[in-house]
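Printed here is data-v9.cif (mmCIF, C-alpha atoms):
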```cif
data_input
#
loop_
_atom_site.label_atom_id
_atom_site.label_comp_id
_atom_site.auth_asym_id
_atom_site.auth_seq_id
_atom_site.Cartn_x
_atom_site.Cartn_y
_atom_site.Cartn_z
CA MET O 1 0.00 0.00 0.00
CA LEU O 2 2.94 2.41 0.66
CA SER O 3 4.08 1.92 -2.97
CA THR O 4 0.92 3.56 -4.28
CA PHE O 5 1.68 6.77 -2.36
CA PRO O 6 5.35 7.66 -3.11
CA LEU O 7 5.31 11.14 -1.59
CA GLN O 8 3.68 9.87 1.53
CA ASN O 9 6.25 7.02 1.73
CA MET O 10 9.09 9.46 1.37
CA THR O 11 7.70 11.54 4.20
CA LEU O 12 7.26 8.55 6.43
CA SER O 13 10.73 7.24 5.68
CA GLY O 14 12.21 10.67 6.39
CA ILE O 15 10.42 10.84 9.69
CA PHE O 16 11.53 7.33 10.45
CA CYS O 17 15.15 8.07 9.64
CA ARG O 18 15.17 11.20 11.72
CA LEU O 19 13.66 9.43 14.64
CA VAL O 20 16.02 6.50 14.36
CA GLY O 21 19.01 8.78 13.80
CA SER O 22 18.23 11.00 16.72
CA SER O 23 17.60 8.05 18.87
CA LEU O 24 20.96 6.50 18.01
CA ILE O 25 22.84 9.72 18.62
CA GLU O 26 21.15 10.65 21.82
CA ASN O 27 20.85 7.26 23.32
CA SER O 28 22.61 4.47 21.59
CA ALA O 29 21.57 2.16 24.33
CA MET O 30 17.86 2.39 23.48
CA ASN O 31 16.70 -0.95 22.24
CA ARG O 32 14.98 -1.52 18.98
CA ASN O 33 11.70 -2.44 20.49
CA SER O 34 11.25 1.02 21.94
CA VAL O 35 12.12 2.68 18.67
CA LEU O 36 9.79 0.41 16.73
CA LEU O 37 6.95 1.16 19.12
CA ILE O 38 7.42 4.90 18.63
CA VAL O 39 7.47 4.54 14.84
CA LEU O 40 4.30 2.47 14.79
CA THR O 41 2.60 5.04 16.99
CA LEU O 42 3.51 7.85 14.59
CA LEU O 43 2.42 5.81 11.59
CA SER O 44 -0.97 5.13 13.11
CA GLN O 45 -1.41 8.86 13.70
CA VAL O 46 -0.46 9.66 10.11
CA TYR O 47 -2.84 7.05 8.78
CA ALA O 48 -5.60 8.47 10.89
CA ALA O 49 -4.94 11.96 9.47
CA TRP O 50 -4.97 10.73 5.87
CA GLY O 51 -8.35 9.11 6.35
CA THR O 52 -9.75 6.59 3.97
CA ASP O 53 -7.79 7.73 0.89
CA ILE O 54 -5.01 5.22 1.62
CA ASP O 55 -7.47 2.38 1.86
CA GLU O 56 -8.97 3.04 -1.60
CA PRO O 57 -7.25 0.48 -3.80
CA GLY O 58 -8.10 2.07 -7.16
CA VAL O 59 -6.96 5.67 -6.45
CA SER O 60 -3.46 6.85 -7.46
CA TYR O 61 -1.83 10.18 -8.00
CA PHE O 62 -1.42 9.56 -11.73
CA THR O 63 -5.13 8.90 -12.29
CA ASP O 64 -6.32 11.70 -9.99
CA LYS O 65 -3.44 14.22 -10.13
CA GLN O 66 -5.80 17.16 -10.75
CA ARG O 67 -6.85 16.99 -7.12
CA GLY O 68 -3.29 17.25 -5.75
CA TRP O 69 -2.45 16.37 -2.17
CA PHE O 70 -4.43 17.85 0.64
CA TRP O 71 -4.09 17.13 4.28
CA TYR O 72 -7.65 18.20 4.78
CA GLU O 73 -10.57 18.33 2.41
CA VAL O 74 -13.90 19.91 3.18
CA GLN O 75 -16.50 17.23 2.88
CA PRO O 76 -19.83 18.27 1.37
CA GLU O 77 -22.58 18.68 3.85
CA PRO O 78 -25.01 15.82 3.78
CA VAL O 79 -28.29 16.56 2.07
CA LEU O 80 -31.08 16.43 4.51
CA LYS O 81 -33.88 14.38 3.20
CA ARG O 82 -37.32 15.76 3.85
CA LYS O 83 -39.62 13.51 5.59
CA PRO O 84 -42.47 12.59 3.34
CA GLU O 85 -45.59 14.44 4.27
CA PRO O 86 -48.40 12.24 5.34
CA PRO O 87 -50.95 11.84 2.53
CA GLN O 88 -53.84 14.23 2.81
CA PRO O 89 -57.23 12.59 2.82
CA ALA O 90 -59.13 13.16 -0.39
CA PRO O 91 -62.07 15.54 -0.12
CA SER O 92 -65.16 13.62 0.53
CA LEU O 93 -67.64 13.70 -2.30
CA PRO O 94 -71.34 13.63 -1.64
CA ALA O 95 -72.60 10.15 -1.77
CA MET O 96 -74.34 9.48 -5.04
CA THR O 97 -76.97 6.88 -5.19
CA ALA O 98 -76.61 4.79 -8.28
CA GLU O 99 -79.81 4.73 -10.23
CA PRO O 100 -80.91 1.30 -11.26
CA PRO O 101 -80.64 0.73 -15.00
CA SER O 102 -83.88 1.60 -16.65
CA LYS O 103 -85.65 -1.29 -18.22
CA PRO O 104 -86.57 -0.93 -21.88
CA ASN O 105 -90.17 -0.04 -22.38
CA THR O 106 -91.64 -3.06 -24.06
CA PRO O 107 -94.93 -2.27 -25.75
CA ALA O 108 -97.85 -4.06 -24.24
CA GLU O 109 -99.23 -6.90 -26.27
CA PRO O 110 -102.52 -5.85 -27.89
CA GLU O 111 -105.65 -7.65 -26.86
CA PRO O 112 -106.49 -10.65 -29.04
CA PHE O 113 -108.66 -10.06 -32.11
CA THR O 114 -108.36 -6.28 -31.95
CA SER O 115 -107.32 -4.48 -35.11
CA ALA O 116 -103.81 -3.99 -33.67
CA TRP O 117 -103.57 -7.70 -32.83
CA LEU O 118 -104.78 -8.70 -36.31
CA ARG O 119 -102.26 -6.40 -38.02
CA LYS O 120 -99.47 -7.90 -35.94
CA ASN O 121 -100.40 -11.58 -36.21
CA MET O 122 -102.18 -12.12 -39.51
CA GLU O 123 -98.91 -12.37 -41.44
CA THR O 124 -97.57 -14.88 -38.91
CA TYR O 125 -100.58 -17.16 -39.37
CA LEU O 126 -100.37 -16.75 -43.13
CA ASN O 127 -96.68 -17.70 -43.23
CA LYS O 128 -97.32 -20.71 -41.02
CA ALA O 129 -100.15 -21.83 -43.31
CA ILE O 130 -97.88 -21.47 -46.36
CA ASP O 131 -94.87 -23.24 -44.82
CA GLU O 132 -96.91 -25.95 -43.09
CA PRO O 133 -100.18 -26.23 -45.07
CA THR O 134 -102.00 -28.54 -42.73
CA HIS O 135 -105.77 -28.35 -42.53
CA GLU O 136 -105.57 -26.77 -39.11
CA ASN O 137 -103.02 -24.07 -40.09
CA VAL O 138 -104.86 -23.06 -43.25
CA ALA O 139 -108.24 -23.05 -41.51
CA ALA O 140 -106.85 -20.95 -38.64
CA PHE O 141 -105.66 -18.29 -41.08
CA TYR O 142 -108.98 -18.18 -42.95
CA TYR O 143 -110.96 -18.00 -39.73
CA LEU O 144 -108.87 -15.01 -38.65
CA GLN O 145 -109.41 -13.48 -42.06
CA ARG O 146 -113.16 -13.96 -41.61
CA VAL O 147 -112.94 -12.19 -38.25
CA MET O 148 -111.18 -9.26 -39.89
CA MET O 149 -113.72 -9.09 -42.74
CA ASP O 150 -116.68 -9.21 -40.35
CA LYS O 151 -115.19 -6.40 -38.27
CA ALA O 152 -114.68 -4.36 -41.47
CA GLU O 153 -118.28 -4.97 -42.52
CA ARG O 154 -119.56 -3.86 -39.13
CA PHE O 155 -117.47 -0.70 -39.39
CA THR O 156 -118.75 -0.02 -42.94
CA ASN O 157 -122.39 -0.28 -41.90
CA THR O 158 -121.88 2.01 -38.95
CA ALA O 159 -119.91 4.44 -41.09
CA ARG O 160 -122.71 4.65 -43.68
CA TYR O 161 -125.25 5.43 -40.99
CA VAL O 162 -123.02 8.05 -39.38
CA VAL O 163 -122.31 9.74 -42.73
CA MET O 164 -125.91 9.87 -43.85
CA SER O 165 -126.89 11.26 -40.44
CA ASN O 166 -124.40 14.14 -40.61
CA PRO O 167 -124.63 16.48 -43.63
CA GLN O 168 -121.14 17.78 -42.89
CA LEU O 169 -119.81 14.26 -43.54
CA ASP O 170 -122.02 13.26 -46.46
CA GLU O 171 -120.14 13.90 -49.69
CA THR O 172 -123.31 13.59 -51.79
CA VAL O 173 -124.44 16.86 -50.28
CA ARG O 174 -121.50 18.61 -51.92
CA ARG O 175 -121.51 16.68 -55.18
CA PRO O 176 -124.36 14.30 -56.18
CA VAL O 177 -123.42 10.88 -57.47
CA ALA O 178 -126.73 9.92 -59.08
CA THR O 179 -126.54 10.26 -62.86
CA TYR O 180 -129.46 12.65 -63.29
CA ALA O 181 -128.30 14.80 -60.37
CA ALA O 182 -124.69 14.82 -61.59
CA ASN O 183 -125.83 15.91 -65.06
CA GLU O 184 -127.82 18.75 -63.58
CA ALA O 185 -124.84 19.78 -61.48
CA ASN O 186 -122.66 19.82 -64.57
CA HIS O 187 -125.21 21.92 -66.45
CA GLN O 188 -125.43 24.45 -63.65
CA ALA O 189 -121.65 24.55 -63.44
CA SER O 190 -121.35 25.22 -67.18
CA VAL O 191 -123.87 28.07 -67.02
CA MET O 192 -122.10 29.64 -64.03
CA ALA O 193 -118.69 29.21 -65.70
CA ASP O 194 -119.86 31.00 -68.85
CA ARG O 195 -121.19 33.87 -66.79
CA ALA O 196 -118.01 34.08 -64.76
CA LEU O 197 -115.75 33.97 -67.83
CA LYS O 198 -117.70 36.74 -69.52
CA ALA O 199 -117.55 38.81 -66.36
CA ILE O 200 -113.78 38.28 -66.18
CA ALA O 201 -113.38 39.13 -69.87
CA ASP O 202 -115.01 42.50 -69.23
CA GLN O 203 -112.14 43.48 -66.95
CA ALA O 204 -109.15 41.34 -68.03
CA GLY O 205 -107.37 40.16 -71.18
CA ILE O 206 -104.88 37.50 -72.24
CA LEU O 207 -101.22 38.41 -72.79
CA PHE O 208 -99.83 36.08 -75.49
CA PHE O 209 -96.06 35.74 -76.08
CA PHE O 210 -95.15 33.82 -79.24
CA ARG O 211 -92.43 33.20 -81.81
CA SER O 212 -92.99 32.92 -85.55
CA ASP O 213 -90.98 29.66 -85.69
CA CYS O 214 -92.74 28.02 -82.68
CA PRO O 215 -95.06 25.20 -83.88
CA TYR O 216 -96.92 25.15 -80.54
CA CYS O 217 -97.65 28.85 -80.91
CA HIS O 218 -99.20 28.11 -84.31
CA VAL O 219 -101.72 25.65 -82.78
CA GLN O 220 -102.32 27.79 -79.68
CA ALA O 221 -103.39 30.83 -81.71
CA PRO O 222 -106.68 29.27 -82.99
CA VAL O 223 -107.65 28.30 -79.41
CA LEU O 224 -107.11 31.88 -78.29
CA ASN O 225 -109.19 33.05 -81.23
CA MET O 226 -112.04 30.78 -80.05
CA LEU O 227 -111.70 32.12 -76.49
CA GLU O 228 -111.93 35.65 -77.79
CA LYS O 229 -115.08 34.96 -79.80
CA ALA O 230 -116.83 32.84 -77.12
CA TYR O 231 -116.29 35.01 -74.05
CA GLY O 232 -115.02 38.32 -75.35
CA PHE O 233 -111.46 38.15 -74.03
CA LYS O 234 -109.09 40.69 -75.52
CA ILE O 235 -105.86 39.03 -76.73
CA TYR O 236 -102.61 41.02 -76.55
CA PRO O 237 -100.06 39.25 -78.79
CA VAL O 238 -96.32 39.97 -78.34
CA SER O 239 -93.74 38.63 -80.82
CA LEU O 240 -90.39 37.63 -79.32
CA ASP O 241 -88.59 37.46 -82.67
CA GLY O 242 -90.34 40.46 -84.27
CA ARG O 243 -92.07 38.38 -86.94
CA PRO O 244 -95.81 37.53 -87.39
CA MET O 245 -97.56 34.17 -87.22
CA PRO O 246 -97.40 32.19 -90.47
CA ASN O 247 -101.14 31.44 -90.28
CA GLY O 248 -102.00 35.15 -90.28
CA LEU O 249 -103.67 35.16 -86.83
CA PHE O 250 -103.01 38.11 -84.53
CA GLY O 251 -101.25 40.08 -87.20
CA SER O 252 -101.47 43.26 -85.10
CA PHE O 253 -98.84 42.23 -82.57
CA LYS O 254 -96.45 44.17 -80.38
CA LEU O 255 -92.67 43.75 -80.23
CA ASP O 256 -91.02 42.52 -77.07
CA HIS O 257 -89.09 45.28 -75.28
CA GLY O 258 -88.08 43.32 -72.21
CA GLN O 259 -91.58 42.45 -70.99
CA ALA O 260 -90.97 38.71 -71.45
CA ALA O 261 -87.82 38.79 -69.31
CA MET O 262 -89.59 40.74 -66.59
CA LEU O 263 -92.38 38.13 -66.46
CA GLY O 264 -89.95 35.18 -66.54
CA VAL O 265 -90.93 33.81 -69.93
CA GLU O 266 -88.79 30.78 -70.78
CA GLN O 267 -90.99 28.84 -73.22
CA THR O 268 -93.57 29.73 -75.83
CA PRO O 269 -96.47 29.99 -76.07
CA ALA O 270 -96.64 31.91 -72.78
CA LEU O 271 -100.06 33.06 -71.53
CA PHE O 272 -100.84 35.55 -68.75
CA LEU O 273 -104.17 36.84 -67.43
CA MET O 274 -103.78 40.61 -67.38
CA LYS O 275 -106.13 42.94 -65.53
CA PRO O 276 -105.30 46.62 -65.96
CA PRO O 277 -103.60 48.49 -64.65
CA ARG O 278 -101.05 46.27 -62.83
CA GLN O 279 -102.40 42.77 -62.16
CA ILE O 280 -100.78 40.01 -64.22
CA VAL O 281 -101.34 36.36 -63.31
CA PRO O 282 -99.43 33.52 -65.07
CA LEU O 283 -101.56 30.89 -66.81
CA SER O 284 -99.17 28.70 -68.78
CA GLN O 285 -95.89 28.43 -70.66
CA GLY O 286 -97.06 25.77 -73.05
CA ALA O 287 -100.02 24.95 -75.30
CA LEU O 288 -103.43 24.47 -73.62
CA SER O 289 -106.82 23.22 -74.78
CA LEU O 290 -109.83 25.52 -74.52
CA GLU O 291 -111.26 23.61 -71.55
CA GLU O 292 -107.95 23.68 -69.67
CA LEU O 293 -107.45 27.34 -70.52
CA THR O 294 -110.88 28.39 -69.20
CA SER O 295 -110.35 26.27 -66.06
CA ARG O 296 -107.06 28.03 -65.33
CA ILE O 297 -108.60 31.44 -65.96
CA LEU O 298 -111.31 30.72 -63.38
CA LEU O 299 -108.77 29.45 -60.83
CA ALA O 300 -106.54 32.48 -61.37
CA ALA O 301 -109.54 34.77 -60.92
CA LYS O 302 -110.48 33.00 -57.70
CA GLU O 303 -106.93 33.21 -56.29
CA SER O 304 -106.77 36.89 -57.27
CA GLY O 305 -110.03 37.66 -55.47
CA TRP O 306 -112.11 38.32 -58.57
CA LEU O 307 -114.34 35.34 -57.65
CA ASP O 308 -115.35 34.30 -54.14
CA ALA O 309 -115.18 30.70 -52.90
CA THR O 310 -118.93 30.11 -53.24
CA GLN O 311 -118.96 31.18 -56.88
CA TYR O 312 -115.92 29.06 -57.66
CA GLU O 313 -117.42 25.93 -56.03
CA THR O 314 -120.65 26.40 -57.95
CA ILE O 315 -118.65 26.66 -61.17
CA GLN O 316 -117.00 23.35 -60.26
CA GLY O 317 -120.40 21.70 -59.77
CA ILE O 318 -119.97 21.54 -55.99
CA ARG O 319 -122.50 22.78 -53.46
CA SER O 320 -121.06 25.12 -50.87
CA THR O 321 -120.95 23.52 -47.39
CA PRO O 322 -119.25 24.47 -44.13
CA ARG O 323 -115.61 23.46 -44.00
CA LEU O 324 -113.91 21.66 -41.14
CA LEU O 325 -110.61 23.49 -40.76
CA PRO O 326 -109.66 23.39 -37.06
CA THR O 327 -106.35 24.75 -35.83
CA SER O 328 -104.04 23.00 -33.39
CA GLU O 329 -104.78 25.63 -30.75
CA SER O 330 -108.57 25.35 -31.02
CA ILE O 331 -108.84 21.85 -29.53
CA SER O 332 -107.21 20.80 -26.24
CA SER O 333 -105.52 17.48 -25.62
CA ALA O 334 -108.23 16.49 -23.16
CA THR O 335 -110.87 17.04 -25.85
CA LEU O 336 -108.94 14.76 -28.20
CA GLN O 337 -109.31 11.91 -25.71
CA ASP O 338 -113.11 12.12 -25.58
CA PRO O 339 -114.89 11.26 -28.88
CA LEU O 340 -118.08 13.19 -28.05
CA SER O 341 -116.17 16.30 -27.02
CA LEU O 342 -114.04 16.02 -30.17
CA ILE O 343 -117.15 15.87 -32.40
CA GLN O 344 -118.66 18.90 -30.74
CA ALA O 345 -115.42 20.87 -31.01
CA LEU O 346 -115.06 20.06 -34.73
CA GLN O 347 -118.66 21.01 -35.42
CA HIS O 348 -118.16 24.28 -33.59
CA SER O 349 -115.01 25.04 -35.60
CA ALA O 350 -116.76 24.43 -38.95
CA GLN O 351 -116.22 27.40 -41.23
CA ASP O 352 -118.49 28.75 -43.88
CA GLY O 353 -117.85 27.59 -47.43
CA ARG O 354 -117.13 31.16 -48.52
CA ALA O 355 -113.96 31.15 -46.39
CA PRO O 356 -110.80 30.53 -48.41
#
```
How would this structure read if it were set down as structure tokens?
Amino acid sequence: MLSTFPLQNMTLSGIFCRLVGSSLIENSAMNRNSVLLIVLTLLSQVYAAWGTDIDEPGVSYFTDKQRGWFWYEVQPEPVLKRKPEPPQPAPSLPAMTAEPPSKPNTPAEPEPFTSAWLRKNMETYLNKAIDEPTHENVAAFYYLQRVMMDKAERFTNTARYVVMSNPQLDETVRRPVATYAANEANHQASVMADRALKAIADQAGILFFFRSDCPYCHVQAPVLNMLEKAYGFKIYPVSLDGRPMPNGLFGSFKLDHGQAAMLGVEQTPALFLMKPPRQIVPLSQGALSLEELTSRILLAAKESGWLDATQYETIQGIRSTPRLLPTSESISSATLQDPLSLIQALQHSAQDGRAP
């Protein structure tokens, strides 16, 4: 171990020599044992001063010469470890009661032989009769079908009685179905339509946009000529290409100066019901028959307020009756649950046929 510390060995040997030399000069009679005891005592003190560096087998001056030799080195102060703080209890949360899982709402099975039960089960019985056509399976299906037909017949008979007992529900009151009565209704409707068309013709005319090369305009022009002669409508022809009709009808035409674009004309022939000074109602952008043309004129007059609802229904061959047009706010939910209250509320909300 002394060989690994040459400077320290030299110091120790020097001390040893001095001690031995002085001992020999001063007292040559001192025995070796005393001298050896003194030397060992000094060596133990030196080793104690050097500390543990001598005992480290892997440390030498050549590998750690940057440190040098120090008789005393300040040891770093030990790091005081903090005592771990005791864990703080977690804040208590209010106890929450777990709600039991809600069970799915299974629809209740309809009562047997009700209309809901028949709708749900008829197909099952039919499929069973088809897949396993035994006498019992087929008969079971047909018996259930008989039940359904008998229930339908009972409903039909009751419905007929209810309808004939309530004029507001009887459709024959509005429009007769008997042949003689239907013919009379049609005759009255034709007479009223002629009167209405002549009355409209006194205050409105037909605006007619055409092109000289449009074949549909060529066939529409004679129909307009008939309308003019039958009811007195004034026809106002407007040529989009500046040329007349090849058949010579409506030769006194006007040129288009942007009127067609303003009215949204895309196809010809284009027809508009025009009531001076500013009312223009579209009728068609395509060829129409005389019957269809007069029907649209009457509808346009009704929507424009030139005919009231009663007049228009009479023209259609329909007798004016009160209308059932309830609003969602007029009937409460409790009323909807009681059939008698519902009937009374609907009857009370019936509007006159003249209402739009």
Nearest-residue call for His218 (chain O), choices O:Ala182, O:Leu340, O:Val163, O:Met245, using all atoms listed in the file: O:Met245
Min atom-atom distance to Leu273 (chain O) from the set O:Ser239, O:Gln316, O:Gln203, O:Thr335, counting all atoms listed in the file, belongs to O:Gln203
With only C-alpha atoms as the counted atoms, please give the residues lying no more than 9 Å from region 206-211 of chain O, apart from itself and same-chain residues fewer than 2 positions off, as a ChimeraX atom specification. /O:201,204,213-218,221,224,233-245,256,260,265,267-275,280
Take the selection from the previous step and output its residues with C-alpha atoms, as an mmCIF file, keeping the file's coordinate frame.
```
data_model
loop_
_atom_site.group_PDB
_atom_site.id
_atom_site.type_symbol
_atom_site.label_atom_id
_atom_site.label_comp_id
_atom_site.auth_asym_id
_atom_site.auth_seq_id
_atom_site.Cartn_x
_atom_site.Cartn_y
_atom_site.Cartn_z
ATOM 1 C CA ALA O 201 -113.380 39.130 -69.870
ATOM 2 C CA ALA O 204 -109.150 41.340 -68.030
ATOM 3 C CA ASP O 213 -90.980 29.660 -85.690
ATOM 4 C CA CYS O 214 -92.740 28.020 -82.680
ATOM 5 C CA PRO O 215 -95.060 25.200 -83.880
ATOM 6 C CA TYR O 216 -96.920 25.150 -80.540
ATOM 7 C CA CYS O 217 -97.650 28.850 -80.910
ATOM 8 C CA HIS O 218 -99.200 28.110 -84.310
ATOM 9 C CA ALA O 221 -103.390 30.830 -81.710
ATOM 10 C CA LEU O 224 -107.110 31.880 -78.290
ATOM 11 C CA PHE O 233 -111.460 38.150 -74.030
ATOM 12 C CA LYS O 234 -109.090 40.690 -75.520
ATOM 13 C CA ILE O 235 -105.860 39.030 -76.730
ATOM 14 C CA TYR O 236 -102.610 41.020 -76.550
ATOM 15 C CA PRO O 237 -100.060 39.250 -78.790
ATOM 16 C CA VAL O 238 -96.320 39.970 -78.340
ATOM 17 C CA SER O 239 -93.740 38.630 -80.820
ATOM 18 C CA LEU O 240 -90.390 37.630 -79.320
ATOM 19 C CA ASP O 241 -88.590 37.460 -82.670
ATOM 20 C CA GLY O 242 -90.340 40.460 -84.270
ATOM 21 C CA ARG O 243 -92.070 38.380 -86.940
ATOM 22 C CA PRO O 244 -95.810 37.530 -87.390
ATOM 23 C CA MET O 245 -97.560 34.170 -87.220
ATOM 24 C CA ASP O 256 -91.020 42.520 -77.070
ATOM 25 C CA ALA O 260 -90.970 38.710 -71.450
ATOM 26 C CA VAL O 265 -90.930 33.810 -69.930
ATOM 27 C CA GLN O 267 -90.990 28.840 -73.220
ATOM 28 C CA THR O 268 -93.570 29.730 -75.830
ATOM 29 C CA PRO O 269 -96.470 29.990 -76.070
ATOM 30 C CA ALA O 270 -96.640 31.910 -72.780
ATOM 31 C CA LEU O 271 -100.060 33.060 -71.530
ATOM 32 C CA PHE O 272 -100.840 35.550 -68.750
ATOM 33 C CA LEU O 273 -104.170 36.840 -67.430
ATOM 34 C CA MET O 274 -103.780 40.610 -67.380
ATOM 35 C CA LYS O 275 -106.130 42.940 -65.530
ATOM 36 C CA ILE O 280 -100.780 40.010 -64.220
#
```
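If you count only C-alpha atoms and draw a sphere of 10 Å around (-105.1, 33.6, -60.3), the protein and nucleic acid residues inside it come out as Phe272, Leu273, Gln279, Ile280, Val281, Pro282, Leu283, Arg296, Ile297, Leu298, Leu299, Ala300, Ala301, Lys302, Glu303, Ser304, Gly305, Trp306 and Leu307 of chain O.
Put simply, CA of Lys229 (chain O) is 21.2 Å away from CA of His187 (chain O).
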Atomic distance CA of Gly205 (chain O) - CA of Leu255 (chain O), expressed in Å with one decimal: 17.6 Å
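Nearest to Tyr125 (chain O) of all the residues O:Ala181, O:Tyr142, O:Pro112, O:Glu228 is O:Tyr142, based on only C-alpha atoms.
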As a check of understanding, name the residues that the PyMOL selection byres ((chain O and resi 327) around 12) selects in the supplied structure, as JSON, numbers by chain. {"O": [324, 325, 326, 328, 329, 330, 331, 332, 345, 346, 349, 350, 351]}
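With all atoms listed in the file as the atoms that count, the residue of O:Ala139, O:Ala287, O:Met262, O:Arg195 with the shortest distance to Pro222 (chain O) is O:Ala287.
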Quick one: everything within 10 Å of Tyr231 (chain O), counting all atoms listed in the file, minus sequence neighbours fewer than 5 positions away in the same chain. Send it as a PyMOL selection string. chain O and resi 194-202+226+294
Atoms to include: C-alpha atoms. Write the selected residues as a short mmCIF file (atom, residue, chain, number, x, y, z; two decimals), keeping the file's coordinate frame.
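To be explicit, this is the file written out as out.cif:
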```cif
data_model
loop_
_atom_site.label_atom_id
_atom_site.label_comp_id
_atom_site.auth_asym_id
_atom_site.auth_seq_id
_atom_site.Cartn_x
_atom_site.Cartn_y
_atom_site.Cartn_z
CA ASP O 194 -119.86 31.00 -68.85
CA ARG O 195 -121.19 33.87 -66.79
CA ALA O 196 -118.01 34.08 -64.76
CA LEU O 197 -115.75 33.97 -67.83
CA LYS O 198 -117.70 36.74 -69.52
CA ALA O 199 -117.55 38.81 -66.36
CA ILE O 200 -113.78 38.28 -66.18
CA ALA O 201 -113.38 39.13 -69.87
CA ASP O 202 -115.01 42.50 -69.23
CA MET O 226 -112.04 30.78 -80.05
CA THR O 294 -110.88 28.39 -69.20
#
```
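Straight-line separation from CA of Ala189 (chain O) to CA of Met164 (chain O): 24.8 Å.
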Expected answer as an MDAnalysis selection string: all residues with atoms within 12 Å of (-107.5, -11.1, -40.1), all atoms listed in the file: chainID O and resid 112:126 140:152
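Residue membership of the PyMOL selection byres ((chain O and resi 290) around 8) in the shown file amounts to Val223, Leu224, Met226, Leu227, Leu288, Ser289, Glu291, Glu292, Leu293 and Thr294 of chain O.
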Would you mind exporting C-alpha atoms of the selected residues as an mmCIF file, keeping the file's coordinate frame?
```
data_model
loop_
_atom_site.group_PDB
_atom_site.id
_atom_site.type_symbol
_atom_site.label_atom_id
_atom_site.label_comp_id
_atom_site.auth_asym_id
_atom_site.auth_seq_id
_atom_site.Cartn_x
_atom_site.Cartn_y
_atom_site.Cartn_z
ATOM 1 C CA VAL O 223 -107.650 28.300 -79.410
ATOM 2 C CA LEU O 224 -107.110 31.880 -78.290
ATOM 3 C CA MET O 226 -112.040 30.780 -80.050
ATOM 4 C CA LEU O 227 -111.700 32.120 -76.490
ATOM 5 C CA LEU O 288 -103.430 24.470 -73.620
ATOM 6 C CA SER O 289 -106.820 23.220 -74.780
ATOM 7 C CA GLU O 291 -111.260 23.610 -71.550
ATOM 8 C CA GLU O 292 -107.950 23.680 -69.670
ATOM 9 C CA LEU O 293 -107.450 27.340 -70.520
ATOM 10 C CA THR O 294 -110.880 28.390 -69.200
#
```
